[in-house]
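Data file: protein.txt. Format and content: compact mmCIF, C-alpha atoms and all ligand atoms.
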```
# COMPACT_ATOMS: atom_id res chain seq x y z
CA MET A 1 3.58 -19.41 4.64
CA LEU A 2 2.79 -16.13 6.30
CA HIS A 3 3.23 -13.19 3.89
CA ALA A 4 3.34 -9.54 4.96
CA LEU A 5 2.15 -6.91 2.46
CA VAL A 6 2.97 -3.26 2.98
CA SER A 7 1.73 -0.40 0.80
CA ASP A 8 1.66 3.39 0.64
CA VAL A 9 4.53 3.94 3.06
CA HIS A 10 4.74 7.55 1.86
CA ALA A 11 8.12 8.29 3.43
CA ASN A 12 6.74 7.93 6.97
CA LEU A 13 9.63 6.33 8.85
CA GLU A 14 7.89 6.34 12.24
CA ALA A 15 4.97 4.33 10.82
CA LEU A 16 7.28 2.01 8.86
CA ASP A 17 9.36 1.20 11.95
CA ALA A 18 6.21 0.26 13.88
CA VAL A 19 4.97 -1.94 11.02
CA LEU A 20 8.28 -3.77 10.51
CA ALA A 21 8.61 -4.42 14.26
CA ASP A 22 5.15 -6.00 14.24
CA ILE A 23 5.91 -8.05 11.11
CA ASP A 24 8.99 -9.43 12.88
CA ARG A 25 6.97 -10.13 16.04
CA ARG A 26 4.35 -12.03 14.01
CA GLY A 27 7.07 -14.06 12.27
CA ALA A 28 6.12 -13.38 8.63
CA ASP A 29 8.17 -15.38 6.13
CA ASP A 30 8.48 -12.61 3.56
CA ILE A 31 7.49 -9.00 2.82
CA VAL A 32 6.33 -7.37 -0.40
CA CYS A 33 5.61 -3.67 -1.11
CA LEU A 34 2.71 -2.49 -3.29
CA GLY A 35 4.24 0.89 -4.10
CA ASP A 36 4.17 4.52 -2.99
CA PHE A 37 7.37 4.18 -1.01
CA VAL A 38 7.66 7.96 -1.11
CA GLY A 39 5.61 11.15 -1.48
CA TYR A 40 3.86 13.22 1.27
CA GLY A 41 6.26 12.25 4.08
CA ALA A 42 9.63 13.58 5.16
CA SER A 43 11.83 10.46 5.16
CA PRO A 44 12.04 9.10 1.58
CA ASN A 45 15.65 7.86 1.59
CA GLU A 46 15.43 6.61 5.18
CA CYS A 47 12.30 4.56 4.37
CA MET A 48 13.85 3.11 1.23
CA ALA A 49 17.07 2.23 3.07
CA THR A 50 15.00 0.46 5.73
CA LEU A 51 12.61 -1.33 3.40
CA ARG A 52 14.66 -2.27 0.33
CA PRO A 53 16.73 -4.96 2.08
CA ARG A 54 13.61 -6.44 3.72
CA ILE A 55 11.32 -6.97 0.72
CA GLU A 56 11.17 -9.84 -1.72
CA ALA A 57 9.44 -7.84 -4.49
CA ALA A 58 7.75 -4.51 -5.16
CA VAL A 59 5.68 -2.64 -7.71
CA LEU A 60 5.69 1.04 -8.69
CA GLY A 61 3.23 3.54 -7.15
CA ASN A 62 2.04 6.78 -8.71
CA HIS A 63 3.89 8.88 -6.11
CA ASP A 64 7.10 6.92 -6.78
CA GLN A 65 6.65 7.69 -10.47
CA ALA A 66 5.92 11.38 -9.78
CA ALA A 67 9.10 11.75 -7.71
CA ILE A 68 11.27 10.53 -10.57
CA ASP A 69 9.23 11.87 -13.52
CA PRO A 70 7.83 15.40 -12.96
CA SER A 71 6.02 15.23 -16.33
CA VAL A 72 3.17 13.30 -14.61
CA LEU A 73 2.56 15.97 -11.93
CA GLY A 74 -0.42 17.43 -13.82
CA ASP A 75 -2.65 14.79 -12.17
CA PHE A 76 -1.56 15.82 -8.65
CA ASN A 77 -3.17 18.30 -6.25
CA PRO A 78 -0.89 21.22 -5.19
CA GLU A 79 0.22 19.67 -1.87
CA ALA A 80 0.96 16.29 -3.44
CA ALA A 81 2.83 17.95 -6.31
CA ALA A 82 4.91 20.06 -3.88
CA ALA A 83 5.77 16.91 -1.93
CA ALA A 84 6.67 15.03 -5.13
CA ARG A 85 9.01 17.82 -6.26
CA TRP A 86 10.64 17.96 -2.82
CA THR A 87 10.99 14.15 -2.83
CA GLY A 88 12.57 14.21 -6.29
CA ARG A 89 15.23 16.60 -5.02
CA GLN A 90 15.94 14.46 -1.94
CA LEU A 91 16.13 10.99 -3.50
CA THR A 92 19.59 9.54 -3.96
CA ALA A 93 20.49 8.59 -7.53
CA ASP A 94 20.52 4.94 -6.45
CA ASN A 95 17.01 5.10 -4.94
CA ALA A 96 15.65 6.96 -7.98
CA ALA A 97 17.12 4.36 -10.36
CA TRP A 98 15.77 1.53 -8.21
CA LEU A 99 12.23 3.01 -8.30
CA ALA A 100 12.46 3.61 -12.05
CA ALA A 101 13.11 -0.11 -12.61
CA LEU A 102 10.01 -1.31 -10.70
CA PRO A 103 7.21 -3.06 -12.66
CA TYR A 104 3.57 -1.93 -12.47
CA SER A 105 2.19 -5.39 -11.72
CA LEU A 106 3.64 -8.75 -10.66
CA PRO A 107 2.51 -12.33 -10.00
CA TRP A 108 3.59 -13.24 -6.47
CA HIS A 109 3.09 -16.60 -4.67
CA GLY A 110 0.08 -17.41 -6.86
CA ALA A 111 -1.49 -13.98 -6.23
CA ARG A 112 -1.13 -10.67 -8.09
CA ILE A 113 0.33 -7.50 -6.64
CA VAL A 114 -0.28 -4.09 -8.21
CA HIS A 115 -0.54 -0.54 -6.87
CA ALA A 116 -3.78 0.56 -8.59
CA ALA A 117 -6.59 -1.18 -10.52
CA PRO A 118 -5.02 -4.29 -12.09
CA SER A 119 -6.77 -4.16 -15.50
CA ASP A 120 -4.76 -1.06 -16.51
CA PRO A 121 -2.18 -0.36 -13.77
CA GLU A 122 -0.59 2.57 -15.61
CA ALA A 123 -3.89 4.50 -15.52
CA TRP A 124 -3.73 4.65 -11.67
CA ASP A 125 -7.47 3.98 -11.24
CA TYR A 126 -8.85 3.38 -7.74
CA VAL A 127 -10.80 0.29 -6.68
CA LEU A 128 -13.37 1.93 -4.41
CA THR A 129 -16.68 0.16 -5.10
CA LEU A 130 -17.93 -3.40 -5.30
CA GLY A 131 -18.92 -2.94 -8.96
CA ILE A 132 -15.43 -1.85 -9.96
CA ALA A 133 -13.89 -4.60 -7.84
CA VAL A 134 -15.96 -7.34 -9.53
CA GLY A 135 -14.81 -6.21 -12.98
CA GLU A 136 -11.21 -6.12 -11.80
CA MET A 137 -11.43 -9.59 -10.18
CA ARG A 138 -12.82 -11.05 -13.42
CA HIS A 139 -9.92 -9.47 -15.26
CA CYS A 140 -7.30 -10.99 -12.93
CA GLU A 141 -5.90 -14.40 -13.80
CA GLU A 142 -4.91 -15.04 -10.19
CA PRO A 143 -7.65 -15.82 -7.61
CA VAL A 144 -6.26 -13.21 -5.20
CA CYS A 145 -5.21 -9.68 -6.11
CA PHE A 146 -3.65 -7.27 -3.63
CA VAL A 147 -3.73 -3.53 -4.37
CA GLY A 148 -2.98 -0.26 -2.55
CA HIS A 149 -3.53 3.32 -3.76
CA SER A 150 -6.82 4.29 -2.05
CA HIS A 151 -5.47 3.98 1.53
CA VAL A 152 -8.94 2.67 2.51
CA PRO A 153 -8.59 -1.02 3.41
CA VAL A 154 -11.32 -3.43 2.33
CA THR A 155 -11.74 -7.05 1.23
CA PHE A 156 -13.83 -7.65 -1.91
CA GLU A 157 -14.98 -11.24 -2.46
CA LEU A 158 -16.51 -12.98 -5.47
CA ASP A 159 -18.30 -16.36 -5.21
CA GLY A 160 -19.40 -17.16 -8.76
CA GLU A 161 -22.07 -14.52 -9.38
CA ARG A 162 -22.30 -13.41 -5.72
CA ALA A 163 -20.13 -10.47 -4.69
CA SER A 164 -19.63 -8.91 -1.27
CA TYR A 165 -17.19 -6.79 0.67
CA SER A 166 -15.96 -6.63 4.25
CA ARG A 167 -14.17 -4.07 6.38
CA GLU A 168 -13.53 -6.63 9.14
CA PRO A 169 -9.85 -6.82 10.10
CA LEU A 170 -9.71 -10.62 9.84
CA VAL A 171 -11.24 -12.43 6.87
CA GLN A 172 -11.38 -16.22 6.62
CA GLY A 173 -11.08 -16.79 2.89
CA ARG A 174 -12.28 -19.72 0.79
CA ARG A 175 -10.07 -21.23 -1.84
CA ASP A 176 -12.89 -21.46 -4.41
CA HIS A 177 -13.69 -17.71 -4.13
CA ARG A 178 -11.87 -14.78 -5.72
CA TYR A 179 -10.54 -11.83 -3.74
CA LEU A 180 -9.41 -8.29 -4.37
CA ILE A 181 -7.92 -6.83 -1.21
CA VAL A 182 -7.04 -3.18 -0.67
CA VAL A 183 -4.10 -3.30 1.70
CA PRO A 184 -3.98 -0.69 4.51
CA SER A 185 -1.55 2.23 4.11
CA VAL A 186 1.56 2.19 6.28
CA GLY A 187 2.21 5.89 6.30
CA GLN A 188 -0.95 7.85 5.45
CA PRO A 189 -4.20 6.08 6.43
CA ARG A 190 -7.35 7.71 5.00
CA ASP A 191 -10.14 5.69 6.62
CA GLY A 192 -10.47 7.85 9.71
CA ASP A 193 -8.19 5.56 11.71
CA PRO A 194 -4.76 7.20 12.06
CA ARG A 195 -2.98 3.97 12.96
CA ALA A 196 -0.36 2.54 10.59
CA GLY A 197 -1.46 -0.57 8.69
CA TYR A 198 -0.33 -3.59 6.72
CA LEU A 199 -1.77 -6.96 5.67
CA LEU A 200 -0.89 -10.52 6.69
CA TRP A 201 -1.83 -13.29 4.26
CA ASP A 202 -1.61 -16.85 5.60
CA ASP A 203 -1.63 -19.06 2.49
CA ILE A 204 -2.12 -22.26 4.56
CA ALA A 205 -5.05 -21.08 6.72
CA TRP A 206 -6.15 -18.82 3.77
CA THR A 207 -6.76 -15.84 6.04
CA PHE A 208 -6.32 -12.13 5.31
CA GLU A 209 -5.62 -9.91 8.33
CA HIS A 210 -5.67 -6.11 8.11
CA VAL A 211 -3.33 -5.17 10.96
CA ARG A 212 -3.40 -1.65 12.49
CA LEU A 213 -0.83 -0.26 14.92
CA ALA A 214 -0.40 2.88 16.99
CA TYR A 215 2.83 4.69 16.12
CA ASP A 216 4.65 7.98 16.79
CA VAL A 217 2.36 10.29 14.77
CA GLU A 218 3.79 13.40 16.47
CA GLY A 219 7.31 12.39 15.43
CA ALA A 220 6.26 11.98 11.79
CA GLN A 221 4.41 15.31 11.87
CA ALA A 222 7.41 17.15 13.38
CA ARG A 223 9.66 15.87 10.61
CA ILE A 224 7.23 17.01 7.89
CA LEU A 225 6.99 20.50 9.43
CA ALA A 226 10.78 20.72 9.81
CA THR A 227 11.32 20.07 6.08
CA GLY A 228 9.03 22.88 4.91
CA LEU A 229 6.57 20.48 3.27
CA PRO A 230 2.93 21.72 3.29
CA PRO A 231 1.68 21.68 6.94
CA SER A 232 -1.60 20.03 5.82
CA LEU A 233 0.43 16.86 5.12
CA ALA A 234 1.36 16.75 8.81
CA ALA A 235 -2.14 17.65 10.06
CA ARG A 236 -3.91 14.87 8.14
CA LEU A 237 -1.83 12.16 9.85
CA ARG A 238 -3.50 13.04 13.17
CA TRP A 239 -6.95 12.15 11.83
CA GLY A 240 -6.18 9.45 9.31
CA GLU A 241 -7.61 11.45 6.43
ZN ZN B 1 -0.50 6.22 -1.89
```
Now that the file is in, can you turn its structure into structure tokens?
Amino acid sequence: MLHALVSDVHANLEALDAVLADIDRRGADDIVCLGDFVGYGASPNECMATLRPRIEAAVLGNHDQAAIDPSVLGDFNPEAAAAARWTGRQLTADNAAWLAALPYSLPWHGARIVHAAPSDPEAWDYVLTLGIAVGEMRHCEEPVCFVGHSHVPVTFELDGERASYSREPLVQGRRDHRYLIVVPSVGQPRDGDPRAGYLLWDDIAWTFEHVRLAYDVEGAQARILATGLPPSLAARLRWGE
């Protein structure tokens, strides 16, 4: 089966539309979301209305949590906190309740999906280095773990005692190796590439493909500026930072 994994949508409807159109074009069998549906962007309810009917499962992200529970905002920088408060005021009661019911971590088609580091998902730790990734892979029962959170896509691989990482878009996996894959962000890339992203996992060919797509960045920026959200949240979309 061909699985599509989306993460860190961040209320960017223009990016989400581009990603879902490509997922349909590629003929993925199902879609899962690794959290951060909302936060930063200007279209929280629109993104949730678009995505909720399309996904088979989802986990909670830290920005989803912040939108529905302001008590966690102490960990947020001022722009992110302002966006979380704005998002909390916008969310429909139904969307807020739906987010509040999401789990932190889930087994999914023999893999694991989680927003942040899987060993302690509620701590919202990032998986940024090979050393951290190896520890996390050893902790995971499943041979493949998909995470989001850092918005910097990468494939970490563990072959017994040998560990490596790759930033290549297409990785041919091996079934006797372990993987921790940071899925690209749909709505706020931070790797210097402003294109929207998602991941395709072919569990027959055992390939992992980090897909990137041009989308209407100006449209997403205009919406952010029109809402009165911090202008820096619009500016960063231009540069993928
Ligand atoms: Zn995020």
Handout entry: 10 Å contact set for range 73-83 of chain A, only C-alpha atoms, chain neighbours under 2 positions out, as number ranges by chain
Key = A: 38-42, 62-63, 65-67, 69-71, 85-89, 224, 228-233
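Nearest residue to Arg195 in chain A among A:Val211, A:Ala58, A:Val9, A:Ile181 is A:Val211, counting all atoms listed in the file.
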Practice task
Return as a PyMOL selection string every polymer residue, whether protein, DNA or RNA, with at least one atom no more than 8 Å from an atom of ligand ZN 1 (chain B); count all atoms listed in the file.
Solution key: chain A and resi 7-10+35-36+39+61-63+148-151+185+188
Okay, now the selection with C-alpha atoms, as a JSON list (two decimals), in the frame of the given file?
```json
[["chain", "number", "residue", "atom", "x", "y", "z"],
["A", 7, "SER", "CA", 1.73, -0.40, 0.80],
["A", 8, "ASP", "CA", 1.66, 3.39, 0.64],
["A", 9, "VAL", "CA", 4.53, 3.94, 3.06],
["A", 10, "HIS", "CA", 4.74, 7.55, 1.86],
["A", 35, "GLY", "CA", 4.24, 0.89, -4.10],
["A", 36, "ASP", "CA", 4.17, 4.52, -2.99],
["A", 39, "GLY", "CA", 5.61, 11.15, -1.48],
["A", 61, "GLY", "CA", 3.23, 3.54, -7.15],
["A", 62, "ASN", "CA", 2.04, 6.78, -8.71],
["A", 63, "HIS", "CA", 3.89, 8.88, -6.11],
["A", 148, "GLY", "CA", -2.98, -0.26, -2.55],
["A", 149, "HIS", "CA", -3.53, 3.32, -3.76],
["A", 150, "SER", "CA", -6.82, 4.29, -2.05],
["A", 151, "HIS", "CA", -5.47, 3.98, 1.53],
["A", 185, "SER", "CA", -1.55, 2.23, 4.11],
["A", 188, "GLN", "CA", -0.95, 7.85, 5.45]]
```
Practice task
Find the distance between CA of Gly173 in chain A and CA of Ala116 in chain A and write it in Å to one decimal.
Solution key: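 Distance reported for this atom pair: 22.0 Å.
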Exercise for the section: Find, counting all atoms listed in the file, the residue in A:Thr129, A:Thr92, A:Ser105, A:Asn12 that gets nearest to Leu34 in chain A. Expected result: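 Under the stated criterion, the closest residue is A:Ser105.
Note that CA of Ile31 in chain A and CA of Arg167 in chain A are 22.5 Å apart.
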Handout entry: Nearest to Gly187 in chain A by atom-to-atom distance, counting only C-alpha atoms, from A:Leu237, A:Leu130, A:Ile204, A:Ala21
Key =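 Of A:Leu237, A:Leu130, A:Ile204, A:Ala21, the one nearest Gly187 in chain A is A:Leu237, counting only C-alpha atoms.
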Practice task
Using CA of Arg26 in chain A and CA of Arg112 in chain A as the two end points, give the distance in Å to one decimal.
Solution key: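 CA of Arg26 in chain A sits 22.8 Å away from CA of Arg112 in chain A.
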Handout entry: Counting all atoms listed in the file, the option among A:Val152, A:Ala123, A:Met48, A:Val182 closest to Glu241 in chain A
Key = A:Val152
Handout entry: Test item: residues at most 10 Å from Asp120 in chain A, all atoms listed in the file, excluding those fewer than 3 positions along its chain, as a list in words
Key = Tyr104, Ser105, Val114, Ala116, Ala117, Ala123, Trp124, Asp125, Glu136 and His139 of chain A
Problem - Distance criterion (all atoms listed in the file): nearest to Val32 in chain A out of A:Tyr165, A:Trp239, A:Tyr198, A:Tyr179 - result: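 The answer is A:Tyr198, which sits nearest to Val32 in chain A.
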Fill in the blank from the handout: Among A:Gly219, A:Gly192, A:Pro169, A:Pro121, Gly240 in chain A is approached most closely, using all atoms listed in the file, by A:Gly192
Problem - Close residues, Glu218 in chain A itself excluded, 10 Å, only C-alpha atoms, min 3 positions apart in chain, as a PyMOL selection string - result: chain A and resi 14+215+221-224+234-235+237-238
Practice task
Excluding Ser164 in chain A and residues on its chain fewer than 3 positions from it, collect all residues at most 12 Å away from it, counting only C-alpha atoms, and give them as a ChimeraX atom specification.
Solution key: /A:129-134,154-161,167,177-181
Problem - Polymer residues at most 10 Å from (-12.0, -22.3, 5.3) by all atoms listed in the file, as a list in words - result: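 Within the cut-off we find Gln172, Gly173, Arg174, Arg175, Asp176, Ile204, Ala205, Trp206 and Thr207 of chain A.
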